[in-house]
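Quick notes on the structure that follows.
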Amino acid sequence: MSTQAAPPSGRVVTLTANPSLDRTLTLPGPLERGGVVRLAPSATEPGGKGVNVARAIAAAGGDVVTVLPAADDDPIVAALHRLGLPLATVPVTTPVRTNYTLAEPDGTTTKLNEPGAALDPDTRTALAAVLHRYAQGARWVVLSGSLPPGTPVDWYADLVRALRDTGARIAVDTSEAPLLALLTAGPDAVPDLLKPNAEELAQLAGVPEAELVADRDAALAAVGTLHERGVAEVLLTLGAEGALLSSAEGVWSAAPPPIAVRSTVGAGDCSLAGHLLAHLAGAPPAERLRFAVAYGAASASLPGSAVPTPAQVDGPAVRVTAGLSGSTTPPSTAPVPAAGRDVR
Ligand SMILES: O=P(O)(O)OC[C@@]1(O)O[C@H](CO)[C@@H](O)[C@@H]1O
């Protein structure tokens, strides 16, 4: 169990352009395709990557606002109100998608994500305006998750450019075409922090995912290609293998404590939240990584898309190493926990 040395200071604003209601189906045994499965009662939680980041930050007492498209009477709005999460919605006429998680007893997590409804150009413009307004004076803006169908793949790049005059740092966690578009959009569209997982980095670097997970030098070389494109800080989450943080200040790697994995959904989002909470508390890079891994592990040990409270996060249990094979960095005054495979 761990608490931060200082409380998080400053606002975080997250955007979830393609939010979801996450329905977790808990299977009594291994999935048998073609059979009838009698489920335990299932739970539904508000989700989408930016929503999860915001929930974890709010649970730690951080100042956070989450921006999303949703009708006022959409169940996700009521669910977020119940959690007390400050939100700014742009109204739409289509319901928020439902994403399904199949959770098997051995911790295997299978995700079935609906595409979500398309956003019309006016809604996109309104989302960008709301985001810009809340970003004024914020410390971080987080752009997370897939883009709804039909959204130009370079929309995140446009948002990064538009947000620059707010002075907020910008973190991005996305995948596939939007991630590629972001990294090829030019130097004025580069985020301050990128949080790929091994699969995403492998796609970007053209290297097999297994190689990145097994070989830290290969992972570091691939991360280097992101720095070459101007990304200042990279948080590479490696599921059960921990994570790596790289910036001009150096490189740190961290291994999570052994945990019983219940659901890896949202573990990557919680890792990003842990990093941001540590940054807001003034923690140095090694501690930011410690918090990232500790939060990811705590998330993976919880069911469904649940996010941990600080009391569930065990920072000192995370082994942080300076460099790839250097000496272990003991916890400073700050703490936190880490992850199973980070399923999108
Ligand atoms: O379809 P996307 O936007 O890539 O991911 C959506 C999603 O899988 O991400 C979160 C976990 O990271 C879940 O809450 C949500 O269902």
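Ordered as shown in the structure tokens, chains take letters A, B, and onward, while each chain numbers its residues from 1 and ligands are numbered from 1 in the order shown.
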
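Based on only C-alpha atoms and all ligand atoms, the protein and nucleic acid residues found within 7 Å of ligand 1 are, by chain and then by number, Asn18, Pro19, Ser20, Leu21, Asp22, Gly47, Gly48, Lys49, Asn52, Asn99, Lys111, Asn113, Gly145, Ser146, Leu147, Thr174, Ser175, Val265, Gly266, Ala267, Gly268, Asp269, Ser305, Val343 and Arg344 of chain A.
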
Write out as an MDAnalysis selection string each polymer residue whose atoms come within 12 Å of Ala157 (chain A), counting only C-alpha atoms; drop sequence neighbours fewer than 2 positions from it. chainID A and resid 128 143 152:155 159:164 170:172 174 177:191

Shortest contact to Thr151 (chain A), candidates A:Ala222, A:Ala117, A:Val37, A:Leu80, atoms counted only C-alpha atoms, goes to A:Ala117

Pick out the residues sitting within 8 Å of region 277-285 of chain A, and hand them over as JSON, numbers by chain; count only C-alpha atoms, and ignore anything fewer than 2 positions along from it in its own chain. {"A": [4, 5, 6, 7, 8, 9, 10, 57, 62, 139, 245, 249, 252, 273, 274, 275, 287, 288, 289, 291, 334]}

Keeping only all heavy atoms, write those residues as a short mmCIF file (atom, residue, chain, number, x, y, z; two decimals), in the first residue's frame.
```cif
data_model
loop_
_atom_site.label_atom_id
_atom_site.label_comp_id
_atom_site.auth_asym_id
_atom_site.auth_seq_id
_atom_site.Cartn_x
_atom_site.Cartn_y
_atom_site.Cartn_z
N GLN A 4 1.22 9.02 -2.06
CA GLN A 4 2.19 9.89 -2.70
C GLN A 4 2.79 10.85 -1.68
O GLN A 4 2.17 11.19 -0.67
CB GLN A 4 1.52 10.69 -3.81
CG GLN A 4 1.25 9.84 -5.02
CD GLN A 4 0.54 10.63 -6.09
OE1 GLN A 4 -0.65 10.53 -6.24
NE2 GLN A 4 1.30 11.43 -6.79
N ALA A 5 4.01 11.33 -1.99
CA ALA A 5 4.69 12.25 -1.09
C ALA A 5 3.95 13.57 -1.03
O ALA A 5 3.85 14.20 0.01
CB ALA A 5 6.10 12.47 -1.58
N ALA A 6 3.44 14.02 -2.15
CA ALA A 6 2.73 15.29 -2.20
C ALA A 6 1.43 15.06 -2.95
O ALA A 6 1.36 14.19 -3.81
CB ALA A 6 3.61 16.31 -2.92
N PRO A 7 0.42 15.85 -2.63
CA PRO A 7 -0.83 15.65 -3.38
C PRO A 7 -0.66 16.12 -4.81
O PRO A 7 0.15 17.00 -5.09
CB PRO A 7 -1.83 16.53 -2.63
CG PRO A 7 -1.02 17.50 -1.85
CD PRO A 7 0.32 16.89 -1.61
N PRO A 8 -1.43 15.51 -5.74
CA PRO A 8 -1.34 15.96 -7.12
C PRO A 8 -1.78 17.41 -7.23
O PRO A 8 -2.77 17.80 -6.63
CB PRO A 8 -2.30 15.03 -7.87
CG PRO A 8 -3.16 14.40 -6.81
CD PRO A 8 -2.40 14.44 -5.54
N SER A 9 -1.04 18.21 -7.96
CA SER A 9 -1.39 19.62 -8.07
C SER A 9 -1.55 20.00 -9.54
O SER A 9 -0.62 19.84 -10.34
CB SER A 9 -0.28 20.43 -7.39
OG SER A 9 -0.19 21.70 -7.93
N GLY A 10 -2.70 20.50 -9.90
CA GLY A 10 -2.97 20.91 -11.28
C GLY A 10 -4.01 20.02 -11.91
O GLY A 10 -4.20 18.87 -11.49
N ILE A 57 -7.58 9.08 -11.80
CA ILE A 57 -7.05 10.34 -11.24
C ILE A 57 -8.02 10.88 -10.19
O ILE A 57 -7.62 11.32 -9.11
CB ILE A 57 -6.78 11.35 -12.37
CG1 ILE A 57 -5.58 10.86 -13.19
CG2 ILE A 57 -6.52 12.75 -11.81
CD1 ILE A 57 -5.25 11.71 -14.39
N GLY A 62 -7.31 13.71 -7.53
CA GLY A 62 -6.79 14.68 -8.52
C GLY A 62 -7.91 15.52 -9.11
O GLY A 62 -9.08 15.13 -9.10
N ARG A 139 -2.63 21.27 -16.46
CA ARG A 139 -1.23 20.79 -16.57
C ARG A 139 -1.12 19.78 -17.71
O ARG A 139 -0.10 19.72 -18.39
CB ARG A 139 -0.81 20.08 -15.26
CG ARG A 139 -0.75 20.96 -14.02
CD ARG A 139 0.57 21.64 -13.78
NE ARG A 139 1.78 20.83 -13.76
CZ ARG A 139 2.26 20.21 -12.69
NH1 ARG A 139 1.61 20.26 -11.54
NH2 ARG A 139 3.39 19.53 -12.76
N LEU A 245 10.32 3.69 -19.15
CA LEU A 245 10.11 5.12 -19.34
C LEU A 245 11.37 5.71 -19.92
O LEU A 245 12.47 5.49 -19.40
CB LEU A 245 9.79 5.79 -17.99
CG LEU A 245 9.42 7.28 -18.08
CD1 LEU A 245 8.07 7.48 -18.76
CD2 LEU A 245 9.38 7.90 -16.68
N GLU A 249 16.01 12.73 -19.97
CA GLU A 249 16.59 12.57 -18.62
C GLU A 249 17.21 11.18 -18.43
O GLU A 249 17.97 10.96 -17.49
CB GLU A 249 15.52 12.79 -17.55
CG GLU A 249 14.99 14.21 -17.50
CD GLU A 249 13.80 14.32 -16.57
OE1 GLU A 249 12.67 14.08 -17.04
OE2 GLU A 249 13.99 14.64 -15.39
N TRP A 252 14.46 4.27 -17.68
CA TRP A 252 14.21 3.43 -16.51
C TRP A 252 13.32 2.28 -16.93
O TRP A 252 12.45 2.46 -17.80
CB TRP A 252 13.52 4.23 -15.40
CG TRP A 252 14.41 5.23 -14.76
CD1 TRP A 252 15.13 5.09 -13.61
CD2 TRP A 252 14.70 6.56 -15.24
NE1 TRP A 252 15.84 6.23 -13.34
CE2 TRP A 252 15.60 7.15 -14.33
CE3 TRP A 252 14.29 7.31 -16.35
CZ2 TRP A 252 16.10 8.44 -14.49
CZ3 TRP A 252 14.79 8.59 -16.53
CH2 TRP A 252 15.68 9.14 -15.60
N ALA A 273 -2.47 7.00 -15.82
CA ALA A 273 -2.94 7.81 -14.70
C ALA A 273 -1.90 7.87 -13.59
O ALA A 273 -1.64 8.93 -13.01
CB ALA A 273 -4.26 7.26 -14.17
N GLY A 274 -1.27 6.71 -13.30
CA GLY A 274 -0.25 6.67 -12.25
C GLY A 274 0.91 7.59 -12.57
O GLY A 274 1.43 8.31 -11.72
N HIS A 275 1.35 7.55 -13.85
CA HIS A 275 2.43 8.43 -14.27
C HIS A 275 2.04 9.89 -14.09
O HIS A 275 2.81 10.70 -13.55
CB HIS A 275 2.78 8.15 -15.73
CG HIS A 275 3.77 9.10 -16.31
ND1 HIS A 275 3.44 10.39 -16.69
CD2 HIS A 275 5.09 8.97 -16.59
CE1 HIS A 275 4.50 11.00 -17.17
NE2 HIS A 275 5.53 10.16 -17.12
N GLU A 287 10.23 7.62 -10.24
CA GLU A 287 9.00 7.49 -9.43
C GLU A 287 7.75 7.54 -10.30
O GLU A 287 6.75 6.91 -10.01
CB GLU A 287 8.97 8.58 -8.36
CG GLU A 287 10.06 8.45 -7.34
CD GLU A 287 10.11 7.04 -6.74
OE1 GLU A 287 9.10 6.61 -6.15
OE2 GLU A 287 11.13 6.36 -6.90
N ARG A 288 7.84 8.29 -11.40
CA ARG A 288 6.69 8.31 -12.31
C ARG A 288 6.47 6.91 -12.89
O ARG A 288 5.35 6.44 -13.02
CB ARG A 288 6.91 9.33 -13.44
CG ARG A 288 7.11 10.76 -12.93
CD ARG A 288 6.75 11.77 -13.99
NE ARG A 288 7.70 11.91 -15.07
CZ ARG A 288 8.76 12.71 -15.08
NH1 ARG A 288 9.04 13.43 -14.00
NH2 ARG A 288 9.54 12.80 -16.13
N LEU A 289 7.60 6.26 -13.20
CA LEU A 289 7.49 4.89 -13.74
C LEU A 289 6.98 3.93 -12.66
O LEU A 289 6.16 3.05 -12.93
CB LEU A 289 8.85 4.44 -14.28
CG LEU A 289 8.85 3.03 -14.86
CD1 LEU A 289 7.91 2.93 -16.07
CD2 LEU A 289 10.27 2.62 -15.28
N PHE A 291 5.00 4.60 -10.20
CA PHE A 291 3.57 4.79 -10.06
C PHE A 291 2.81 4.20 -11.25
O PHE A 291 1.73 3.65 -11.10
CB PHE A 291 3.23 6.28 -9.92
CG PHE A 291 3.30 6.78 -8.50
CD1 PHE A 291 4.52 7.00 -7.89
CD2 PHE A 291 2.14 7.01 -7.79
CE1 PHE A 291 4.59 7.46 -6.59
CE2 PHE A 291 2.20 7.45 -6.48
CZ PHE A 291 3.43 7.68 -5.87
N ALA A 334 8.00 9.05 -2.69
CA ALA A 334 6.71 8.75 -3.32
C ALA A 334 6.53 7.25 -3.50
O ALA A 334 7.47 6.51 -3.39
CB ALA A 334 6.65 9.43 -4.69
#
```

Would you mind reading off the distance between CA of Val65 (chain A) and CA of Tyr134 (chain A), one decimal, in Å?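 Separation of CA of Val65 (chain A) and CA of Tyr134 (chain A): 7.8 Å.
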
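Each of A:Ala300, A:Leu102, A:Leu131, A:Ala306 was compared to Val261 (chain A) using only C-alpha atoms, and A:Ala300 turns out to be the nearest.
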